[in-house]
Structure formats: C-alpha cells, structure tokens
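Trainee: Pasting a structure below so you can have a look.
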Amino acid sequence: MSKYKIVGFISIILILVTSVLTGCSSNSSKEVSSNELVTIEFWHNYDAGSGQVDILDKLINEFETENKDIKVKHVYLEWEALKNNVVTGAATGSLPDVLRGDIAFVPQFQSLNVLEEMGALSDYIDVASEVLEAPNSTAKMGDKYYAIAANTNTKILFYNKSILKKTTAQVPKTLDEVWDTAQKVSDSKTIGMVEPWTGIWNVGPYIWSEGGDVLAPDYSTADGYINSPVAVKVIQKLADLYKEKALAGPSMDPGAVGDSDGWASGLYALQLDGPWREKSNIEAGVDYGAIPLPAGSKGSISVLGGEDFMMFKTSDDAHKKAAWKFIKFMTGKHAQVEMAKVGQMPVNKEALTDSEAIKAIPLLPVFSEALQTAKARPVTPKWSEMENIIATKVAEAITGKKEVQKALDEAAAEIDKLIKESN
C-alpha cells in the first residue's frame, strides 16, 4: 500500500474511513456494531471451468438475500496459492474469514496456530451430525475440531466393460481378482490397470485393504508400517504387474499415456479413481462400469479426499459469527445438492440421497457405499512431504530400479527423519 503524509483533518477523515472498512480480512480485528453490514472474505479454489464458481455466485446471492447484514466477498486461488497465502498470512495477520481448502491443509494450518477451534462453537456438534463422520474426521486434530467437511470424494474401481467382455474376464470380486483380471486382459493393445501416481492416494487402499498401514497410529514412526511385510507384498504385486506390462502410469513411466486419454482410446481396463473419472468417461463415450474396491483380506478400504471449511483466529467476533453462518449454509442440504450438480460430492447426509444429486452424479450411491469404510491419509503437518517420499520410493520399487524392501526401508527412514525434525 502506498504511503502518504497525513496531516490535520485529512488524518481524522482517513481514520474514520478505515473504521468502517470492517469487511476486509486485514481489518477483522476491529469490532463491528451489531447493526452494521459485515463483509466476510472467503478464499476457495472452486473450478470455474466446471461451472462451480457460477453456482457459488448463485448460492452467495441466496445467502445474502436471507442475511441482509452479511456480504460475502469470494476470492479464487489455485491450490498452491491457497496454502502459500495462509502461510504468509500467519506472519502478517492478513487472513480470510473463511477458507475452503484441501483436507491436508487442516494439520498444516493448525500447526501455524491460526485456525479457529470450530469444535468449540456452541452448535458445532449439531451441525457436524448432519455431515458424514468419515469426511469430518479430517477436521480433527487430537480431540479438537478445527474445520468442518465441505465436500468429499473417494475412489472406486472403474472397469471397461468392452474389454472385459472381449476377454471373457469377470468383474473382480476380491482384490486378488483385481490383480488377476489386470493380467488376463493385458495384451499388445490393452494394459490391465493404470495408476497415474504412486503416493498413498493411489496405493494406500491396497495396503489398508490387506491390513497394513503407513504410519504408527500416533504418527510417531513409519518404520514397521510403510515397510511392513504387508506393504512390501502389495508393492511387489504392483511391481510384478508393471513388469508384465499389465500396469502403467506417468509417474512410473513418463512416456505412459495419461489415464483420461488411455480410457478414451480403450487402452486401459481398470482404474481405482474418483468421481471425475465418471464425468470424463461419459464425455469420452466409454462403456464403463464401477464398483467399490473389491475387498482384500481385511476388507474394502478406499482413500478419503475432499475439502474442509476453516475459520481463522484473526477475525473478530462479528466476522466469526457471520463466517459460521455462511459455513452452515454451505454445508446444508440445499447448497450441497446445488454443488453436486457441478461435480462436488456432498458430505451432507440428506444431500447424498437426494434425487437431483444422484442425477448429477449417477455413481453417487456407489461412492457413498465406499465412503462408509474409506480412510483418511494421516492428519499430520508434514504429510505432504511424507507422501512425496512414498511416491518416489514406491515408483522406484514398482519399476524395478530398487528392490521393494530396500525402497520402502528408505521411505521409512526418510519419513522418520522428518518426524524427528518436527518434534
């Protein structure tokens, strides 16, 4: 902001003007009288290209019509910018009143001591009871809630019906049958399975479904978990598939065909993926089917994704009250159904069974079933760095650059070093 020399009555005027600009986040520390308009700033990364921002504008207009004393100023930021701006704002005090961000942001931001403890709000428990428990578990650090679920997603098994029919392969009913099917349908024109990345977002469901894990329950160590016999067995199976050209993915082979292009061309037969795969396949005219991840020895445990709504300590009481009212509106059935129409999977329990939501996301009942047992990745501040380590080491193991046990032992050692540095 430019600096000006302020003298005499000009100084008084500027002070008075500043006192009424309470809608900006940088002024949130100022008190607002109950009869003034409160402007809350809302940071998000809703996708304009999918029509999500248009629906957001519509919902904000409805909210403001119902709440004449509140105005919502929304600001779009890319995923990385959302994170970086909060990190910067933790030092400068320039933060929004509401943020909708990745579930992984909650532990990162809480470690910066900027998040409002939303679980302490008088009606938080009542509002949280209206959303799915599993997605809302991502808002919890220790025994306190610092957010509330905004939308969710998980991954289910998509399969190309034409490929399975042509090869007489059956839709797999167990995780072992998934591997067998991937091998059976693979030939010079078909690759049985695609995994675009090798982080826990991709390989975690297989490890969890076989009874393994990534970190100790208290997040104190990775040793004995990411490099456990169960994890080694799962990654070895993926390595075997890759060697037999029954598994592909850009993070394993930079020259591999991307998953969307591969589905559209009929190259890939199986993929564990989220609701965006449904939309992409419909647009490409793929004859596909989808089921929850077939169970391993310990069940069907997919991975949990999505975003949460967060509030910040820098807001004053008036802005916090207005922010919470807006969040409650956005987690209500109406707003959740409207967002489902543009691809956002609801967390509101009533919205999940709403006919309009299911019409917009036909596989919503399948995803809802998978959500019942889905598991969140570790809720710890260093998780992004940890997952990148795992992705690198798993890729090395799958492609045969390193023996599987050695690669996962290295992952455990590097993660434990991060944990030690954080303590």
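Residue numbering restarts at 1 in every chain; chains get A, B, ... in the order shown in the structure tokens, and ligands count up from 1 in that same order.
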Set the distance at 12 Å and use only C-alpha atoms: which residues neighbour A:Met193 once local chain neighbours fewer than 3 positions away are removed? I'd like the list as a count of residues only.

Mentor: 39

Trainee: I'd like the neighbourhood of A:Pro381 as a list in words, where a residue qualifies if any of its atoms comes within 9 Å (using only C-alpha atoms), though same-chain residues fewer than 6 positions away should be ignored.

Mentor: Ala104, Phe105, Val106, Pro107, Gln108, Phe109, Gln110, Ser111 and Ser422 of chain A

Trainee: A:Trp79: which residues within 9 Å, counting only C-alpha atoms, same-chain residues fewer than 2 positions away excluded, as a list in words?

Mentor: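 What passes the distance filter is His44, Asn45, Leu77, Ala81, Leu82, Lys83, Asn84, Gly101 and Asp102 of chain A.
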
Trainee: So how many Å separate atom CA of A:Val337 and atom CA of A:Asp308, to one decimal?

Mentor: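 Between these atoms lies a distance of 16.6 Å.
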
Trainee: Excluding same-chain residues fewer than 2 positions from A:Glu62, what lies within 12 Å of it counting only C-alpha atoms, as a list in words?

Mentor: Ile55, Leu56, Asp57, Lys58, Leu59, Ile60, Glu64, Thr65, Glu66, Asn67, Lys68, Ile70, Lys71, Val72, Phe326, Phe329, Met330, His334, Ala335 and Glu338 of chain A

Trainee: Do you know which residues are at most 10 Å from stretch 252-255 of chain A counting only C-alpha atoms, after dropping those on the same chain fewer than 6 positions away, and could you put them as a VMD selection string?

Mentor: chain A and resid 195 to 198 242 391 to 392 394 to 399

Trainee: Restricting the output to C-alpha atoms, write the selected residues as a CSV table (one decimal), in the first residue's frame.

Mentor:
chain,number,residue,atom,x,y,z
A,195,GLU,CA,-2.2,-45.7,-11.7
A,196,PRO,CA,-1.3,-42.1,-12.5
A,197,TRP,CA,0.7,-41.6,-9.3
A,198,THR,CA,2.3,-43.8,-6.6
A,242,TYR,CA,4.3,-53.5,-14.2
A,391,ALA,CA,5.5,-41.8,-4.1
A,392,THR,CA,9.2,-41.6,-5.1
A,394,VAL,CA,7.2,-46.8,-4.5
A,395,ALA,CA,7.8,-45.7,-8.1
A,396,GLU,CA,11.4,-46.9,-7.8
A,397,ALA,CA,10.2,-50.2,-6.4
A,398,ILE,CA,7.5,-50.8,-9.0
A,399,THR,CA,9.7,-50.0,-11.9

Trainee: May I have the residues within 8 Å of A:Asp69 as JSON, numbers by chain, using only C-alpha atoms and disregarding those fewer than 3 positions away in the same chain?

Mentor: {"A": [35, 36, 37, 38, 64]}

Trainee: Suppose we keep N, CA and C atoms; can you now write the selection as a PDB file, in the first residue's frame?

Mentor:
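Saved result, part38.pdb, follows:
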ATOM      1  N   ASN A  35     -25.505  -3.508  14.115  1.00  0.00           N
ATOM      2  CA  ASN A  35     -26.386  -3.036  13.057  1.00  0.00           C
ATOM      3  C   ASN A  35     -25.625  -2.699  11.774  1.00  0.00           C
ATOM      4  N   GLU A  36     -24.325  -2.982  11.699  1.00  0.00           N
ATOM      5  CA  GLU A  36     -23.539  -2.688  10.510  1.00  0.00           C
ATOM      6  C   GLU A  36     -23.456  -3.904   9.596  1.00  0.00           C
ATOM      7  N   LEU A  37     -23.246  -3.653   8.305  1.00  0.00           N
ATOM      8  CA  LEU A  37     -23.032  -4.709   7.335  1.00  0.00           C
ATOM      9  C   LEU A  37     -21.656  -5.330   7.586  1.00  0.00           C
ATOM     10  N   VAL A  38     -21.619  -6.640   7.682  1.00  0.00           N
ATOM     11  CA  VAL A  38     -20.359  -7.353   7.880  1.00  0.00           C
ATOM     12  C   VAL A  38     -19.984  -8.042   6.579  1.00  0.00           C
ATOM     13  N   GLU A  64     -26.992 -14.041   0.896  1.00  0.00           N
ATOM     14  CA  GLU A  64     -27.049 -12.615   1.216  1.00  0.00           C
ATOM     15  C   GLU A  64     -28.488 -12.109   1.239  1.00  0.00           C
TER      16      GLU A  64
END

Trainee: I need the helix (DSSP H, G or I) residues of stretch 103-330 of chain A per DSSP on the backbone, written as a PyMOL selection string.

Mentor: chain A and resi 105-111+118-120+124-128+133-139+161-166+175-185+200-209+229-243+259-264+275-284+317-330

Trainee: Within 9 Å of A:Leu215, counting only C-alpha atoms, which residues show up once you throw out same-chain ones fewer than 5 positions away? Write them as a list in words, please.

Mentor: Ser220, Thr221, Ala222, Asp223, Gly224, Tyr225, Ile226, Pro378 and Ala412 of chain A

Trainee: Filtering to N, CA and C atoms, could you give me those residues as a PDB file, in the first residue's frame?

Mentor:
ATOM      1  N   SER A 220       4.080 -41.567  15.191  1.00  0.00           N
ATOM      2  CA  SER A 220       5.420 -41.428  15.760  1.00  0.00           C
ATOM      3  C   SER A 220       6.510 -42.037  14.895  1.00  0.00           C
ATOM      4  N   THR A 221       6.152 -42.943  14.005  1.00  0.00           N
ATOM      5  CA  THR A 221       7.156 -43.586  13.158  1.00  0.00           C
ATOM      6  C   THR A 221       6.502 -44.209  11.928  1.00  0.00           C
ATOM      7  N   ALA A 222       7.311 -44.337  10.875  1.00  0.00           N
ATOM      8  CA  ALA A 222       6.884 -45.055   9.672  1.00  0.00           C
ATOM      9  C   ALA A 222       7.508 -46.436   9.626  1.00  0.00           C
ATOM     10  N   ASP A 223       8.573 -46.614  10.395  1.00  0.00           N
ATOM     11  CA  ASP A 223       9.280 -47.896  10.394  1.00  0.00           C
ATOM     12  C   ASP A 223       8.384 -48.998  10.960  1.00  0.00           C
ATOM     13  N   GLY A 224       8.295 -50.087  10.224  1.00  0.00           N
ATOM     14  CA  GLY A 224       7.414 -51.172  10.629  1.00  0.00           C
ATOM     15  C   GLY A 224       6.014 -51.040  10.066  1.00  0.00           C
ATOM     16  N   TYR A 225       5.765 -49.966   9.322  1.00  0.00           N
ATOM     17  CA  TYR A 225       4.447 -49.722   8.735  1.00  0.00           C
ATOM     18  C   TYR A 225       4.548 -49.624   7.213  1.00  0.00           C
ATOM     19  N   ILE A 226       5.116 -48.527   6.686  1.00  0.00           N
ATOM     20  CA  ILE A 226       5.238 -48.408   5.235  1.00  0.00           C
ATOM     21  C   ILE A 226       6.180 -49.471   4.673  1.00  0.00           C
ATOM     22  N   PRO A 378      -2.895 -39.859   6.843  1.00  0.00           N
ATOM     23  CA  PRO A 378      -2.520 -39.326   8.150  1.00  0.00           C
ATOM     24  C   PRO A 378      -2.715 -37.813   8.263  1.00  0.00           C
ATOM     25  N   ALA A 412      10.763 -45.325   4.898  1.00  0.00           N
ATOM     26  CA  ALA A 412      10.540 -45.276   6.347  1.00  0.00           C
ATOM     27  C   ALA A 412      11.601 -44.427   7.036  1.00  0.00           C
TER      28      ALA A 412
END

Trainee: Considering only C-alpha atoms, state which residue in the set A:Lys166, A:Lys155, A:Lys173, A:Lys237 is at the smallest distance from A:Ile301.

Mentor: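 Under the stated criterion, the closest residue is A:Lys155.
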
Trainee: Have a look at atom CA of A:Met310 and atom CA of A:Glu116 and let me know their distance in Å, one decimal.

Mentor: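 Straight-line distance from atom CA of A:Met310 to atom CA of A:Glu116 works out to 7.5 Å.
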
Trainee: Out of stretch 19-178 of chain A, which residues get strand (DSSP E) from DSSP, as a ChimeraX atom specification?

Mentor: /A:38-44,70-76,98-102,140-141,144-145,148-154,156-160

Trainee: Export N, CA and C atoms of the chosen residues as an mmCIF file, in the first residue's frame?

Mentor:
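Dumped to result_17.cif:
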data_model
loop_
_atom_site.group_PDB
_atom_site.id
_atom_site.type_symbol
_atom_site.label_atom_id
_atom_site.label_comp_id
_atom_site.auth_asym_id
_atom_site.auth_seq_id
_atom_site.Cartn_x
_atom_site.Cartn_y
_atom_site.Cartn_z
ATOM 1 N N VAL A 38 -21.619 -6.640 7.682
ATOM 2 C CA VAL A 38 -20.359 -7.353 7.880
ATOM 3 C C VAL A 38 -19.984 -8.042 6.579
ATOM 4 N N THR A 39 -18.817 -7.725 6.066
ATOM 5 C CA THR A 39 -18.324 -8.366 4.847
ATOM 6 C C THR A 39 -17.277 -9.401 5.215
ATOM 7 N N ILE A 40 -17.558 -10.647 4.882
ATOM 8 C CA ILE A 40 -16.583 -11.710 5.150
ATOM 9 C C ILE A 40 -15.856 -12.069 3.858
ATOM 10 N N GLU A 41 -14.577 -12.343 3.992
ATOM 11 C CA GLU A 41 -13.764 -12.733 2.845
ATOM 12 C C GLU A 41 -13.624 -14.249 2.823
ATOM 13 N N PHE A 42 -13.890 -14.834 1.673
ATOM 14 C CA PHE A 42 -13.922 -16.281 1.509
ATOM 15 C C PHE A 42 -12.942 -16.698 0.410
ATOM 16 N N TRP A 43 -11.887 -17.424 0.813
ATOM 17 C CA TRP A 43 -10.914 -17.939 -0.151
ATOM 18 C C TRP A 43 -11.282 -19.375 -0.521
ATOM 19 N N HIS A 44 -11.135 -19.711 -1.794
ATOM 20 C CA HIS A 44 -11.517 -21.053 -2.246
ATOM 21 C C HIS A 44 -10.800 -21.375 -3.552
ATOM 22 N N ILE A 70 -25.030 -9.457 6.053
ATOM 23 C CA ILE A 70 -23.766 -10.120 5.717
ATOM 24 C C ILE A 70 -23.534 -10.064 4.218
ATOM 25 N N LYS A 71 -22.314 -9.712 3.847
ATOM 26 C CA LYS A 71 -21.888 -9.757 2.446
ATOM 27 C C LYS A 71 -20.692 -10.702 2.349
ATOM 28 N N VAL A 72 -20.687 -11.529 1.318
ATOM 29 C CA VAL A 72 -19.599 -12.486 1.129
ATOM 30 C C VAL A 72 -18.758 -12.083 -0.078
ATOM 31 N N LYS A 73 -17.506 -11.799 0.161
ATOM 32 C CA LYS A 73 -16.566 -11.487 -0.919
ATOM 33 C C LYS A 73 -15.721 -12.739 -1.156
ATOM 34 N N HIS A 74 -15.913 -13.391 -2.298
ATOM 35 C CA HIS A 74 -15.157 -14.616 -2.523
ATOM 36 C C HIS A 74 -13.959 -14.376 -3.441
ATOM 37 N N VAL A 75 -12.875 -15.056 -3.131
ATOM 38 C CA VAL A 75 -11.615 -14.888 -3.855
ATOM 39 C C VAL A 75 -11.110 -16.263 -4.281
ATOM 40 N N TYR A 76 -10.956 -16.451 -5.592
ATOM 41 C CA TYR A 76 -10.435 -17.720 -6.111
ATOM 42 C C TYR A 76 -8.910 -17.726 -6.066
ATOM 43 N N VAL A 98 -13.137 -17.063 6.022
ATOM 44 C CA VAL A 98 -13.488 -18.452 5.700
ATOM 45 C C VAL A 98 -12.563 -18.934 4.594
ATOM 46 N N LEU A 99 -12.167 -20.188 4.683
ATOM 47 C CA LEU A 99 -11.385 -20.803 3.615
ATOM 48 C C LEU A 99 -11.916 -22.200 3.353
ATOM 49 N N ARG A 100 -12.072 -22.533 2.100
ATOM 50 C CA ARG A 100 -12.369 -23.910 1.713
ATOM 51 C C ARG A 100 -11.102 -24.441 1.048
ATOM 52 N N GLY A 101 -10.479 -25.419 1.716
ATOM 53 C CA GLY A 101 -9.217 -25.935 1.213
ATOM 54 C C GLY A 101 -9.081 -27.421 1.428
ATOM 55 N N ASP A 102 -8.066 -27.972 0.836
ATOM 56 C CA ASP A 102 -7.795 -29.406 0.910
ATOM 57 C C ASP A 102 -7.755 -29.890 2.357
ATOM 58 N N LYS A 140 -10.301 -33.023 12.449
ATOM 59 C CA LYS A 140 -9.960 -33.234 13.851
ATOM 60 C C LYS A 140 -8.456 -33.383 14.060
ATOM 61 N N MET A 141 -7.938 -32.630 15.013
ATOM 62 C CA MET A 141 -6.545 -32.750 15.451
ATOM 63 C C MET A 141 -6.568 -33.041 16.945
ATOM 64 N N LYS A 144 -9.790 -32.100 19.187
ATOM 65 C CA LYS A 144 -10.431 -30.839 18.838
ATOM 66 C C LYS A 144 -10.665 -30.737 17.326
ATOM 67 N N TYR A 145 -11.753 -30.061 16.967
ATOM 68 C CA TYR A 145 -12.088 -29.857 15.564
ATOM 69 C C TYR A 145 -11.726 -28.439 15.142
ATOM 70 N N ILE A 148 -14.691 -28.072 9.325
ATOM 71 C CA ILE A 148 -15.843 -28.949 9.104
ATOM 72 C C ILE A 148 -15.831 -29.342 7.636
ATOM 73 N N ALA A 149 -16.233 -30.572 7.340
ATOM 74 C CA ALA A 149 -16.190 -31.068 5.965
ATOM 75 C C ALA A 149 -17.039 -30.206 5.035
ATOM 76 N N ALA A 150 -16.476 -29.892 3.877
ATOM 77 C CA ALA A 150 -17.173 -29.083 2.876
ATOM 78 C C ALA A 150 -17.717 -29.952 1.747
ATOM 79 N N ASN A 151 -16.915 -30.847 1.273
ATOM 80 C CA ASN A 151 -17.286 -31.815 0.237
ATOM 81 C C ASN A 151 -16.296 -32.966 0.343
ATOM 82 N N THR A 152 -16.594 -34.055 -0.303
ATOM 83 C CA THR A 152 -15.756 -35.232 -0.120
ATOM 84 C C THR A 152 -15.582 -35.969 -1.437
ATOM 85 N N ASN A 153 -14.715 -36.926 -1.440
ATOM 86 C CA ASN A 153 -14.617 -37.874 -2.541
ATOM 87 C C ASN A 153 -13.867 -39.099 -2.053
ATOM 88 N N THR A 154 -14.010 -40.147 -2.766
ATOM 89 C CA THR A 154 -13.245 -41.358 -2.506
ATOM 90 C C THR A 154 -13.027 -42.026 -3.850
ATOM 91 N N ILE A 156 -13.313 -45.541 -6.344
ATOM 92 C CA ILE A 156 -13.950 -46.829 -6.589
ATOM 93 C C ILE A 156 -13.298 -47.442 -7.827
ATOM 94 N N LEU A 157 -13.570 -48.708 -8.085
ATOM 95 C CA LEU A 157 -12.939 -49.389 -9.207
ATOM 96 C C LEU A 157 -13.771 -49.225 -10.480
ATOM 97 N N PHE A 158 -13.202 -48.530 -11.448
ATOM 98 C CA PHE A 158 -13.815 -48.397 -12.762
ATOM 99 C C PHE A 158 -13.274 -49.499 -13.673
ATOM 100 N N TYR A 159 -14.137 -50.033 -14.519
ATOM 101 C CA TYR A 159 -13.688 -51.050 -15.460
ATOM 102 C C TYR A 159 -14.321 -50.824 -16.823
ATOM 103 N N ASN A 160 -13.564 -51.150 -17.858
ATOM 104 C CA ASN A 160 -14.036 -51.017 -19.229
ATOM 105 C C ASN A 160 -14.829 -52.267 -19.575
#
